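A.B. asks: Pasting work-v1.cif below, which is mmCIF, C-alpha atoms and all ligand atoms.
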data_upload
loop_
_atom_site.label_atom_id
_atom_site.label_comp_id
_atom_site.auth_asym_id
_atom_site.auth_seq_id
_atom_site.Cartn_x
_atom_site.Cartn_y
_atom_site.Cartn_z
CA MET A 545 -37.85 24.71 -5.84
CA HIS A 546 -35.17 27.30 -5.03
CA SER A 547 -34.54 30.38 -7.09
CA HIS A 548 -30.90 29.44 -7.65
CA GLU A 549 -32.10 26.64 -9.92
CA LEU A 550 -33.55 29.19 -12.33
CA VAL A 551 -31.55 30.63 -15.22
CA TYR A 552 -32.56 33.42 -17.59
CA LEU A 553 -31.30 33.06 -21.15
CA THR A 554 -31.62 34.93 -24.42
CA GLU A 555 -34.09 33.10 -26.64
CA ASP A 556 -32.87 31.10 -29.62
CA ALA A 557 -34.55 28.91 -32.23
CA SER A 558 -34.22 25.82 -30.05
CA HIS A 559 -36.80 27.35 -27.70
CA ASP A 560 -39.50 27.87 -30.35
CA ALA A 561 -41.44 24.65 -29.81
CA ILE A 562 -41.66 24.90 -26.03
CA ILE A 563 -42.54 28.62 -26.19
CA GLU A 564 -45.45 27.73 -28.46
CA ILE A 565 -46.65 25.19 -25.87
CA ILE A 566 -46.24 27.68 -22.98
CA ASN A 567 -48.17 30.40 -24.84
CA ALA A 568 -50.93 27.99 -25.91
CA GLU A 569 -51.30 26.86 -22.30
CA ALA A 570 -51.38 30.46 -20.99
CA PHE A 571 -53.60 32.13 -23.58
CA GLY A 572 -55.46 29.42 -25.51
CA PRO A 573 -56.63 29.78 -29.11
CA GLY A 574 -57.84 33.37 -28.58
CA ARG A 575 -54.23 34.55 -28.54
CA PHE A 576 -54.09 34.86 -32.33
CA VAL A 577 -56.93 37.36 -32.65
CA LYS A 578 -55.57 39.93 -30.20
CA SER A 579 -54.51 43.26 -31.66
CA SER A 580 -50.99 42.82 -30.32
CA ALA A 581 -50.83 39.38 -31.99
CA ARG A 582 -51.75 41.02 -35.28
CA ILE A 583 -48.76 43.35 -34.95
CA ARG A 584 -46.55 40.34 -34.24
CA GLU A 585 -47.83 38.70 -37.41
CA GLN A 586 -46.51 41.66 -39.42
CA GLY A 587 -42.87 40.68 -38.84
CA PRO A 588 -40.50 38.68 -36.65
CA HIS A 589 -39.75 39.34 -33.02
CA ASP A 590 -36.24 40.36 -31.94
CA ARG A 591 -34.61 37.31 -30.39
CA SER A 592 -31.80 39.42 -28.90
CA LEU A 593 -34.40 41.12 -26.67
CA SER A 594 -36.48 37.99 -25.98
CA PHE A 595 -35.77 35.77 -22.98
CA ILE A 596 -36.68 32.45 -21.44
CA CYS A 597 -36.43 31.15 -17.90
CA ALA A 598 -35.29 27.57 -17.42
CA ASP A 599 -35.58 25.43 -14.31
CA ARG A 600 -32.95 22.70 -14.33
CA GLY A 601 -32.80 22.83 -18.12
CA GLU A 602 -36.55 22.91 -18.70
CA THR A 603 -37.96 26.10 -20.22
CA ILE A 604 -40.83 27.28 -18.02
CA ALA A 605 -41.40 30.91 -19.03
CA SER A 606 -40.94 33.25 -21.96
CA VAL A 607 -41.12 36.90 -22.91
CA ARG A 608 -40.82 38.17 -26.46
CA MET A 609 -40.14 41.63 -27.86
CA THR A 610 -41.09 42.85 -31.32
CA PRO A 611 -39.73 46.02 -32.96
CA VAL A 612 -42.48 48.56 -33.65
CA ARG A 613 -43.01 52.12 -34.72
CA ALA A 614 -45.70 53.65 -32.52
CA GLY A 615 -46.70 57.06 -33.79
CA HIS A 616 -43.30 58.80 -33.85
CA VAL A 617 -41.58 56.45 -31.42
CA ASP A 618 -39.19 53.62 -32.32
CA GLY A 619 -39.81 51.06 -29.64
CA HIS A 620 -40.66 47.47 -28.84
CA LEU A 621 -43.90 45.66 -28.16
CA LEU A 622 -43.57 43.35 -25.16
CA GLY A 623 -45.41 40.05 -25.30
CA PRO A 624 -46.43 37.38 -25.05
CA LEU A 625 -45.30 37.01 -21.44
CA ALA A 626 -46.17 33.63 -19.99
CA VAL A 627 -45.09 31.52 -17.04
CA ARG A 628 -46.08 27.86 -16.69
CA PRO A 629 -48.72 27.36 -13.97
CA SER A 630 -46.27 25.21 -11.97
CA HIS A 631 -43.94 28.23 -11.63
CA LYS A 632 -46.31 31.16 -11.12
CA ASN A 633 -46.01 33.67 -8.28
CA ARG A 634 -42.27 33.25 -7.80
CA GLY A 635 -41.26 36.54 -9.41
CA ILE A 636 -40.33 34.97 -12.74
CA GLY A 637 -42.71 37.09 -14.84
CA ARG A 638 -41.52 40.24 -13.12
CA GLU A 639 -37.86 39.32 -13.69
CA LEU A 640 -38.43 38.56 -17.39
CA VAL A 641 -40.10 41.95 -17.84
CA ARG A 642 -37.21 43.67 -16.05
CA ILE A 643 -34.59 41.90 -18.18
CA ALA A 644 -36.44 42.68 -21.42
CA ILE A 645 -36.80 46.38 -20.56
CA GLU A 646 -33.11 46.68 -19.66
CA ALA A 647 -32.07 44.94 -22.87
CA ALA A 648 -34.30 47.27 -24.90
CA ARG A 649 -32.81 50.29 -23.13
CA ARG A 650 -29.28 49.12 -23.97
CA LYS A 651 -30.26 48.64 -27.60
CA GLY A 652 -31.48 52.23 -27.88
CA SER A 653 -35.19 51.52 -27.87
CA GLU A 654 -37.30 54.57 -27.09
CA ALA A 655 -40.14 52.71 -25.41
CA VAL A 656 -41.48 49.35 -24.33
CA ILE A 657 -45.19 49.13 -25.10
CA LEU A 658 -47.78 46.46 -24.35
CA VAL A 659 -51.45 45.75 -23.94
CA GLY A 660 -51.91 44.21 -20.51
CA ASP A 661 -53.24 44.38 -16.99
CA PRO A 662 -52.28 47.70 -15.31
CA PRO A 663 -52.25 46.21 -11.79
CA TYR A 664 -49.51 43.80 -12.84
CA TYR A 665 -47.45 46.05 -15.09
CA MET A 666 -47.64 49.51 -13.49
CA PRO A 667 -45.55 48.48 -10.45
CA LEU A 668 -42.92 47.31 -13.00
CA GLY A 669 -42.50 50.82 -14.44
CA PHE A 670 -45.30 50.98 -17.02
CA GLU A 671 -47.45 54.07 -17.43
CA LYS A 672 -50.78 54.49 -19.18
CA VAL A 673 -50.72 55.76 -22.75
CA ALA A 674 -53.25 58.54 -23.42
CA TYR A 675 -56.59 57.01 -24.33
CA GLY A 676 -56.90 56.44 -28.06
CA ALA A 677 -53.46 57.89 -28.85
CA LEU A 678 -52.22 54.70 -30.52
CA ILE A 679 -54.14 53.04 -33.32
CA PHE A 680 -53.76 49.26 -33.25
CA PRO A 681 -54.62 46.89 -36.11
CA GLY A 682 -57.84 45.96 -34.32
CA PRO A 683 -59.76 46.92 -31.21
CA VAL A 684 -57.96 47.36 -27.88
CA ASP A 685 -59.13 48.36 -24.43
CA PRO A 686 -57.53 51.84 -24.20
CA GLY A 687 -57.08 51.48 -20.45
CA ARG A 688 -54.72 48.54 -21.02
CA VAL A 689 -52.26 50.25 -23.41
CA LEU A 690 -49.09 50.81 -21.35
CA VAL A 691 -45.57 52.13 -21.93
CA VAL A 692 -42.18 52.34 -20.26
CA PRO A 693 -40.67 55.51 -21.77
CA LEU A 694 -36.93 55.15 -22.44
CA ALA A 695 -36.36 58.50 -24.18
CA GLU A 696 -37.38 62.13 -23.95
CA GLY A 697 -40.89 63.18 -24.89
CA VAL A 698 -42.18 59.68 -25.55
CA HIS A 699 -45.76 60.31 -24.40
CA ALA A 700 -46.11 63.33 -26.71
CA ARG A 701 -44.81 61.31 -29.68
CA LEU A 702 -46.97 58.23 -29.03
CA LYS A 703 -49.69 59.40 -31.40
CA GLY A 704 -50.73 57.49 -34.49
CA VAL A 705 -50.53 54.00 -35.86
CA ILE A 706 -48.56 51.24 -34.15
CA GLY A 707 -47.15 48.53 -36.37
CA TRP A 708 -44.19 46.25 -36.92
CA GLN A 709 -41.11 48.17 -38.03
CA ASP A 710 -37.58 46.87 -38.33
CA TRP A 711 -35.93 50.08 -37.14
CA GLN A 712 -32.26 50.22 -36.19
CA PRO A 713 -30.88 52.04 -33.17
CA GLN A 714 -29.57 55.48 -34.13
CA ALA A 715 -26.06 54.61 -33.00
CA LEU A 716 -25.92 51.59 -35.28
CA ALA A 717 -27.42 53.50 -38.18
CA ALA A 718 -24.87 56.30 -37.73
CA ALA A 719 -22.00 53.83 -37.59
CA ALA A 720 -23.19 52.23 -40.82
CA GLU A 721 -23.18 55.54 -42.74
C1 LIG H 801 -49.20 37.04 -15.63
C2 LIG H 801 -48.01 36.12 -15.47
C3 LIG H 801 -47.04 36.32 -16.63
C4 LIG H 801 -47.33 36.50 -14.15
O1 LIG H 801 -46.14 35.74 -14.01
P1 LIG H 801 -45.65 35.26 -12.56
O2 LIG H 801 -44.25 34.81 -12.67
O3 LIG H 801 -46.65 34.31 -12.01
O4 LIG H 801 -45.79 36.64 -11.74
P2 LIG H 801 -44.82 37.23 -10.65
O5 LIG H 801 -44.37 36.13 -9.74
O6 LIG H 801 -43.80 38.06 -11.30
O7 LIG H 801 -45.83 38.19 -9.91
C5 LIG H 801 -46.83 37.63 -9.12
C6 LIG H 801 -47.74 38.71 -8.62
O8 LIG H 801 -48.46 39.28 -9.71
C7 LIG H 801 -49.85 39.14 -9.47
N1 LIG H 801 -50.54 38.97 -10.75
C8 LIG H 801 -50.45 37.97 -11.61
N2 LIG H 801 -51.24 38.20 -12.68
C9 LIG H 801 -51.81 39.39 -12.47
C10 LIG H 801 -52.73 40.17 -13.20
N3 LIG H 801 -53.22 39.78 -14.37
N4 LIG H 801 -53.12 41.36 -12.68
C11 LIG H 801 -52.65 41.77 -11.48
N5 LIG H 801 -51.76 41.08 -10.75
C12 LIG H 801 -51.37 39.90 -11.24
C13 LIG H 801 -49.97 37.92 -8.59
O9 LIG H 801 -51.16 37.93 -7.88
C14 LIG H 801 -48.75 38.11 -7.67
O10 LIG H 801 -49.05 39.08 -6.69
P3 LIG H 801 -48.28 39.07 -5.27
O11 LIG H 801 -46.81 39.27 -5.56
O12 LIG H 801 -48.91 40.21 -4.53
O13 LIG H 801 -48.58 37.73 -4.69
C15 LIG H 801 -48.43 34.63 -15.38
O14 LIG H 801 -49.36 34.49 -14.34
C16 LIG H 801 -49.03 34.08 -16.65
O15 LIG H 801 -48.34 33.51 -17.47
N6 LIG H 801 -50.35 34.26 -16.83
C17 LIG H 801 -51.04 33.82 -18.00
C18 LIG H 801 -50.65 34.64 -19.20
C19 LIG H 801 -50.84 36.13 -18.98
O16 LIG H 801 -51.89 36.56 -18.49
N7 LIG H 801 -49.82 36.92 -19.38
C20 LIG H 801 -49.82 38.36 -19.23
C21 LIG H 801 -50.47 38.99 -20.41
S1 LIG H 801 -51.05 40.62 -20.08
#
Now that the file is in, can you turn its structure into structure tokens?
Ligand SMILES: CC(C)(COP(=O)(O)OP(=O)(O)OC[C@H]1O[C@@H](n2cnc3c(N)ncnc32)[C@H](O)[C@@H]1OP(=O)(O)O)[C@@H](O)C(=O)NCCC(=O)NCCS
C.D. replies:
Amino acid sequence: MHSHELVYLTEDASHDAIIEIINAEAFGPGRFVKSSARIREQGPHDRSLSFICADRGETIASVRMTPVRAGHVDGHLLGPLAVRPSHKNRGIGRELVRIAIEAARRKGSEAVILVGDPPYYMPLGFEKVAYGALIFPGPVDPGRVLVVPLAEGVHARLKGVIGWQDWQPQALAAAAE
């Protein structure tokens, strides 16, 4: 397979069924009990910031982003991120994360947050959130709570409950006034 056969597209409803299969394959039934999954159950993800990778028309990877308020930060929760086993270790996961962060930055998001493996995510720009600073709707390993700050003073404001929140970027809110 050559990388030029891969395309990255914004997710739409036609991808839902295959994304479900990809996530089931990657995470198994335990995926629904994770604390981050419980946030995602609180409201819909943002399709405009969620992306798939297709290889010759077949969807083989997905990343989703969900709007959250985390303490005093309006940001996005990244995940699930999954790549089909046939396509692992070709940089697809890394590229999906990069695209999602850039899209969030353009939208005015203050932070991209996730619960995941530091050795994978820290080289992609994630930093550790202070232990115990964010309260999830269930237990999390505090060493796996990570953030890409996209605004000033994010770490200081990441204190309190994290939950689904359909916030609007300030620019859009101002234009609507
Ligand atoms: C994790 C996952 C998304 C990575 O996607 P990918 O396209 O295979 O990864 P990339 O090609 O971008 O990066 C591959 C590199 O990351 C490393 N890597 C993969 N998973 C890792 C992990 N959990 N921790 C540390 N490094 C990891 C690989 O060893 C490889 O290292 P190398 O470049 O030195 O060889 C994919 O393996 C997957 O879907 N896994 C199952 C679901 C999952 O765990 N999702 C992440 C939730 S936290």
A.B. asks: Would you mind telling me which residue in A:Arg608, A:Val551, A:Pro624, A:Leu593 lies nearest to Phe571 in chain A when using all atoms listed in the file?
C.D. replies: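 Among A:Arg608, A:Val551, A:Pro624, A:Leu593, it is A:Pro624 that comes nearest to Phe571 in chain A.
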A.B. asks: Kindly compile the residues surrounding ligand LIG 801 (chain H) within 9 Å, counting all atoms listed in the file, and format them as an NGL selection string.
C.D. replies: :A and (566-567 or 569-571 or 605-607 or 623-629 or 631-641 or 658-665 or 688)
A.B. asks: Separation of CA of Phe576 in chain A and CA of Ile596 in chain A, in Å?
C.D. replies: 20.7 Å
A.B. asks: Distance CA of Asp556 in chain A-CA of Ile643 in chain A, one decimal place?
C.D. replies: 15.8 Å
A.B. asks: So which residues touch Pro693 in chain A within 7 Å, counting all atoms listed in the file, skipping near sequence neighbours fewer than 4 positions away, as number ranges by chain?
C.D. replies: A: 654-656, 698
A.B. asks: From the options A:Lys672, A:Arg642, A:Lys651, A:Arg591, which residue's atoms come nearest to Gly619 in chain A, counting only C-alpha atoms?
C.D. replies: A:Lys651
A.B. asks: Find the residue from A:Pro588, A:Gly687, A:Gly652, A:Gly676 that sits nearest to Lys703 in chain A; use all atoms listed in the file when measuring.
C.D. replies: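 Selected residue with least distance to Lys703 in chain A: A:Gly676.
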